[in-house]
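Text of coords.txt, listed as compact mmCIF, C-alpha atoms:
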# COMPACT_ATOMS: atom_id res chain seq x y z
CA MET A 3 33.11 -0.81 -3.81
CA SER A 4 29.80 0.85 -4.59
CA THR A 5 26.77 0.75 -2.35
CA VAL A 6 23.03 0.89 -2.79
CA THR A 7 20.55 2.62 -0.50
CA VAL A 8 17.67 0.47 0.72
CA GLN A 9 14.63 2.41 1.92
CA LEU A 10 12.77 1.16 5.00
CA PHE A 11 9.19 1.93 5.92
CA ALA A 12 6.67 1.57 8.73
CA SER A 13 7.38 -1.39 11.08
CA TYR A 14 10.71 -2.11 9.37
CA ALA A 15 11.97 1.46 9.84
CA GLU A 16 11.00 1.12 13.53
CA SER A 17 12.72 -2.25 13.95
CA PHE A 18 15.95 -1.23 12.23
CA GLY A 19 15.80 2.18 13.94
CA ARG A 20 16.54 4.11 10.74
CA PRO A 21 14.90 5.06 7.42
CA THR A 22 17.60 3.63 5.11
CA LEU A 23 20.40 1.04 5.00
CA GLU A 24 23.58 1.33 2.89
CA ILE A 25 24.50 -2.09 1.47
CA PRO A 26 27.78 -2.89 -0.37
CA LEU A 27 27.18 -3.85 -3.96
CA ASP A 28 29.47 -6.05 -6.08
CA PRO A 29 28.79 -6.43 -9.80
CA GLY A 30 26.04 -9.00 -10.21
CA THR A 31 24.60 -8.54 -6.71
CA THR A 32 20.98 -9.71 -6.70
CA VAL A 33 17.95 -8.80 -4.61
CA GLY A 34 18.41 -12.10 -2.76
CA ASP A 35 22.02 -11.15 -1.94
CA LEU A 36 20.78 -7.81 -0.56
CA VAL A 37 18.29 -9.59 1.68
CA ARG A 38 21.08 -11.80 3.05
CA SER A 39 23.18 -8.68 3.80
CA ILE A 40 20.23 -6.94 5.42
CA ARG A 41 19.75 -9.89 7.78
CA SER A 42 23.07 -9.01 9.48
CA PHE A 43 21.68 -5.68 10.78
CA PRO A 44 20.17 -5.31 14.26
CA GLY A 45 16.40 -5.29 13.89
CA ALA A 46 16.36 -7.84 11.07
CA TYR A 47 14.63 -10.37 13.36
CA VAL A 48 11.37 -8.78 12.20
CA LEU A 49 11.84 -9.96 8.60
CA PRO A 50 9.83 -12.93 7.33
CA GLU A 51 11.50 -15.82 5.49
CA SER A 52 11.00 -14.13 2.10
CA PRO A 53 10.57 -10.37 2.57
CA ARG A 54 9.20 -8.37 -0.35
CA MET A 55 11.67 -6.06 -2.06
CA ALA A 56 10.96 -3.37 -4.64
CA VAL A 57 13.37 -2.13 -7.28
CA ASN A 58 12.46 1.10 -9.07
CA ARG A 59 8.99 1.03 -7.54
CA ARG A 60 8.09 -2.48 -8.71
CA PHE A 61 8.12 -5.72 -6.71
CA ALA A 62 11.32 -7.59 -7.59
CA SER A 63 12.23 -11.27 -7.72
CA PHE A 64 15.22 -12.48 -5.67
CA ASP A 65 17.25 -13.19 -8.82
CA GLN A 66 17.00 -9.62 -10.15
CA VAL A 67 20.41 -7.91 -10.40
CA VAL A 68 20.68 -4.56 -8.59
CA ASP A 69 22.41 -1.44 -9.89
CA PRO A 70 23.80 1.22 -7.49
CA ARG A 71 21.46 3.80 -9.05
CA ASP A 72 18.33 1.67 -8.49
CA ASP A 73 15.59 2.79 -6.12
CA VAL A 74 15.53 -0.15 -3.70
CA ALA A 75 13.04 -0.64 -0.87
CA LEU A 76 12.23 -3.32 1.66
CA ILE A 77 8.44 -3.58 1.79
CA PRO A 78 6.72 -4.57 5.07
CA PRO A 79 3.43 -6.49 4.82
CA VAL A 80 1.02 -4.03 3.23
CA ALA A 81 -2.16 -3.01 5.04
CA GLY A 82 -3.95 -0.49 2.88
CA GLY A 83 -7.70 -0.11 2.60
CA MET B 21 -10.83 7.64 -17.86
CA THR B 22 -8.83 6.47 -14.86
CA ARG B 23 -7.39 8.52 -12.02
CA SER B 24 -5.70 7.45 -8.79
CA ALA B 25 -4.09 9.43 -6.02
CA ILE B 26 -2.60 9.18 -2.55
CA VAL B 27 -4.05 12.15 -0.66
CA THR B 28 -3.49 13.80 2.72
CA ARG B 29 -6.88 15.56 2.85
CA GLU B 30 -10.37 14.21 3.55
CA ILE B 31 -11.86 12.02 0.80
CA ASP B 32 -15.25 13.07 -0.57
CA PRO B 33 -16.80 10.02 -2.33
CA THR B 34 -19.54 12.17 -3.91
CA ALA B 35 -16.88 14.28 -5.65
CA LEU B 36 -15.40 11.08 -7.10
CA LEU B 37 -18.87 10.01 -8.22
CA ALA B 38 -19.28 13.29 -10.11
CA GLU B 39 -15.99 12.64 -11.93
CA VAL B 40 -17.21 9.41 -13.54
CA GLN B 41 -20.77 10.43 -14.38
CA SER B 42 -21.73 10.53 -18.06
CA ALA B 43 -24.80 9.86 -20.21
CA GLU B 44 -23.39 6.64 -21.64
CA ILE B 45 -23.23 4.75 -18.35
CA GLY B 46 -26.03 3.03 -16.45
CA ALA B 47 -24.24 2.06 -13.25
CA ILE B 48 -21.78 3.58 -10.81
CA SER B 49 -20.37 1.40 -8.04
CA ILE B 50 -18.83 3.11 -5.02
CA PHE B 51 -16.71 1.45 -2.34
CA ALA B 52 -15.54 3.41 0.70
CA GLY B 53 -13.30 1.97 3.41
CA THR B 54 -13.64 3.66 6.79
CA VAL B 55 -11.84 3.61 10.13
CA ARG B 56 -13.54 1.11 12.47
CA ASP B 57 -13.55 1.32 16.27
CA THR B 58 -12.46 -2.28 16.91
CA ASN B 59 -9.93 -4.72 15.49
CA ASP B 60 -9.26 -8.23 16.69
CA GLY B 61 -11.33 -7.56 19.81
CA ARG B 62 -9.40 -4.42 20.78
CA SER B 63 -10.85 -0.93 21.01
CA VAL B 64 -9.31 1.30 18.31
CA THR B 65 -9.30 5.09 18.74
CA ALA B 66 -7.48 6.21 15.54
CA ILE B 67 -5.27 4.94 12.70
CA ASP B 68 -2.13 6.47 11.17
CA TYR B 69 -1.66 5.56 7.50
CA SER B 70 1.69 5.89 5.74
CA ALA B 71 2.89 4.95 2.26
CA TYR B 72 5.84 4.56 -0.06
CA THR B 73 4.04 7.19 -2.08
CA SER B 74 5.76 7.00 -5.47
CA MET B 75 5.43 3.21 -5.60
CA ALA B 76 1.88 3.28 -4.21
CA GLU B 77 0.85 5.67 -6.99
CA SER B 78 2.53 3.47 -9.58
CA GLU B 79 0.84 0.30 -8.25
CA LEU B 80 -2.55 2.04 -8.16
CA GLU B 81 -2.10 3.04 -11.82
CA SER B 82 -1.27 -0.57 -12.74
CA ILE B 83 -4.30 -1.90 -10.87
CA LEU B 84 -6.61 0.55 -12.61
CA ALA B 85 -5.20 -0.33 -16.04
CA GLU B 86 -5.76 -4.03 -15.29
CA ALA B 87 -9.29 -3.32 -14.00
CA ARG B 88 -10.21 -1.30 -17.08
CA ASP B 89 -9.03 -4.10 -19.39
CA ARG B 90 -10.70 -6.79 -17.32
CA PHE B 91 -14.12 -5.23 -16.74
CA GLY B 92 -14.39 -2.77 -19.64
CA VAL B 93 -15.43 0.03 -17.31
CA THR B 94 -15.83 3.53 -18.72
CA ALA B 95 -14.15 5.22 -15.79
CA ILE B 96 -12.50 4.37 -12.47
CA VAL B 97 -11.29 6.79 -9.81
CA VAL B 98 -9.45 5.81 -6.62
CA GLU B 99 -8.18 7.92 -3.74
CA HIS B 100 -6.35 6.51 -0.71
CA ARG B 101 -5.69 8.79 2.23
CA VAL B 102 -2.55 8.84 4.40
CA GLY B 103 -1.88 10.62 7.69
CA SER B 104 -3.77 10.47 10.98
CA LEU B 105 -7.38 9.39 10.55
CA ALA B 106 -10.15 9.47 13.12
CA LEU B 107 -12.90 6.89 13.65
CA GLY B 108 -15.35 6.96 10.75
CA ASP B 109 -12.99 8.77 8.37
CA VAL B 110 -12.88 7.47 4.80
CA SER B 111 -9.45 5.88 4.21
CA VAL B 112 -10.06 4.75 0.63
CA ALA B 113 -12.74 5.36 -2.01
CA ILE B 114 -13.16 3.56 -5.34
CA VAL B 115 -15.71 4.59 -7.95
CA ALA B 116 -16.29 2.59 -11.16
CA ALA B 117 -18.70 3.36 -14.01
CA HIS B 118 -20.07 1.02 -16.69
CA ALA B 119 -23.13 0.70 -18.90
CA HIS B 120 -24.29 -2.18 -16.66
CA ARG B 121 -24.14 -2.93 -12.93
CA ALA B 122 -22.29 -6.26 -12.80
CA PRO B 123 -18.95 -5.06 -14.26
CA ALA B 124 -19.11 -1.88 -12.15
CA LEU B 125 -19.64 -3.88 -8.93
CA ASP B 126 -17.01 -6.50 -9.83
CA CYS B 127 -14.53 -3.75 -10.67
CA THR B 128 -14.69 -2.03 -7.27
CA ARG B 129 -14.30 -5.39 -5.53
CA PHE B 130 -11.29 -6.27 -7.69
CA VAL B 131 -9.60 -2.91 -7.05
CA ILE B 132 -9.94 -3.01 -3.24
CA GLU B 133 -8.70 -6.62 -3.07
CA GLU B 134 -5.66 -5.76 -5.23
CA ILE B 135 -4.92 -2.67 -3.10
CA LYS B 136 -4.83 -4.90 -0.03
CA LYS B 137 -2.37 -7.27 -1.71
CA ARG B 138 0.12 -5.01 -3.41
CA VAL B 139 -0.06 -1.28 -2.72
CA PRO B 140 2.67 -0.24 -0.25
CA ILE B 141 0.50 1.44 2.38
CA TRP B 142 0.72 0.67 6.10
CA LYS B 143 -1.41 1.42 9.11
CA ARG B 144 -0.61 1.84 12.77
CA GLU B 145 -3.53 1.52 15.12
CA HIS B 146 -4.00 3.52 18.32
CA TYR B 147 -5.79 1.56 21.04
CA ALA B 148 -7.91 2.74 23.94
CA ASP B 149 -5.29 1.45 26.42
CA GLY B 150 -2.64 3.76 24.87
CA ALA B 151 -0.81 1.05 22.89
CA LEU B 152 0.26 1.66 19.30
CA GLU B 153 0.81 -1.22 16.86
CA TRP B 154 1.50 -1.74 13.16
CA VAL B 155 -1.12 -3.88 11.47
CA ASP B 156 0.36 -6.97 9.80
CA PRO B 157 -2.33 -8.88 7.89
CA THR B 158 0.14 -11.72 7.24
CA ALA B 159 1.17 -12.50 10.82
CA GLY B 160 -0.62 -10.57 13.51
CA ARG B 161 0.84 -7.28 14.68
CA VAL B 162 4.27 -5.93 15.60
CA ALA B 163 4.32 -4.17 18.95
CA ILE B 164 6.35 -0.96 19.09
CA THR B 165 5.23 0.42 22.46

Here is the file; what I need is its structure written in the form of structure tokens.
Amino acid sequence: MSTVTVQLFASYAESFGRPTLEIPLDPGTTVGDLVRSIRSFPGAYVLPESPRMAVNRRFASFDQVVDPRDDVALIPPVAGG
Amino acid sequence: MTRSAIVTREIDPTALLAEVQSAEIGAISIFAGTVRDTNDGRSVTAIDYSAYTSMAESELESILAEARDRFGVTAIVVEHRVGSLALGDVSVAIVAAHAHRAPALDCTRFVIEEIKKRVPIWKREHYADGALEWVDPTAGRVAIT
């Protein structure tokens, strides 16, 4: 089974205690499936009901299918400015 | 002309102003965000900014393209700083140029509001009592110390 690397940043990297997560990936796995898998990790209590995910540096919908080569990131609430 | 960048050095808004100046424009609007000494009633001593840099740059480019189409500005330049910033430091500067003032002013307002919604940049505030917390505009703050 292939996996995809999910990048973590800021408060999420602190809560999960690491900069990335490796998530198993079946064919057809969606962003929503990834979020469900991520919720099983210690530290996931910090996630809101619908966390924002990015695929290849763009915000992604939960029904988007993920490829093992995609650049995937879990995006904490942004606070620029 | 549009240019955006995530930078680790000090931002000089007057240098950005020089970039957009030309004889065809009649208005330049400048917005600068700076590090404030209080937030939510607490005394702030410094802020650390971090970013998902490649996505932040991509989102900034998208915002500027949208702003150019929407307001017809001649030029827009944006720099957002990351790293450890002291009180009063400029964290973000936006400069927009147009023949007339209203589109230039509206453009800078649009760009800063979009940055706050969708550019993956985060800040961790240092407080006078020694605490350190991530700022979460959606639900208060997440304590880490």

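The spacing separating CA of Val97 (chain B) from CA of Asp68 (chain B) amounts to 22.9 Å.
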
Pick from B:Tyr147, B:Tyr72, B:Phe130, B:Phe51: nearest to Leu84 (chain B), with only C-alpha atoms counted?
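The answer is B:Phe130, which sits nearest to Leu84 (chain B).
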
How close does chain B get to chain A? List, as CSV, each residue of chain B within 8 Å, its nearest atom pair and the distance in Å to one decimal, counting all atoms listed in the file.
residue,atom,partner,partner_atom,distance
B:Gly53,CA,A:Gly83,CA,6.0
B:Tyr69,CA,A:Gly82,CA,7.9
B:Ser70,CA,A:Ala12,CA,7.2
B:Ala71,CA,A:Phe11,CA,7.9
B:Tyr72,CA,A:Phe11,CA,7.3
B:Ser74,CA,A:Arg59,CA,7.1
B:Met75,CA,A:Arg59,CA,4.6
B:Ser78,CA,A:Arg59,CA,7.2
B:Glu79,CA,A:Arg60,CA,7.8
B:His100,CA,A:Gly83,CA,7.5
B:Ser111,CA,A:Gly83,CA,6.4
B:Val112,CA,A:Gly83,CA,5.8
B:Ile132,CA,A:Gly83,CA,6.9
B:Ile135,CA,A:Gly82,CA,6.4
B:Lys136,CA,A:Gly82,CA,5.4
B:Lys137,CA,A:Val80,CA,6.8
B:Arg138,CA,A:Val80,CA,6.8
B:Val139,CA,A:Val80,CA,6.6
B:Pro140,CA,A:Val80,CA,5.4
B:Ile141,CA,A:Gly82,CA,4.9
B:Trp142,CA,A:Ala81,CA,4.8
B:Lys143,CA,A:Ala81,CA,6.1
B:Trp154,CA,A:Ser13,CA,6.2
B:Val155,CA,A:Ala81,CA,6.6
B:Asp156,CA,A:Pro79,CA,5.9
B:Pro157,CA,A:Ala81,CA,6.5
B:Thr158,CA,A:Pro79,CA,6.6
B:Val162,CA,A:Ser13,CA,7.1
B:Ile164,CA,A:Glu16,CA,7.5

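Each of B:Cys127, B:Ala76, B:Leu105, B:Val110 was checked against Arg90 (chain B) using all atoms listed in the file; the smallest atom-to-atom distance is that of B:Cys127.
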
What is the CA of Asp57 (chain B) to CA of His146 (chain B) distance in Å?
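It comes out at 10.0 Å.
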
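One finds CA of Ser52 (chain A) at 19.9 Å from CA of Glu24 (chain A).
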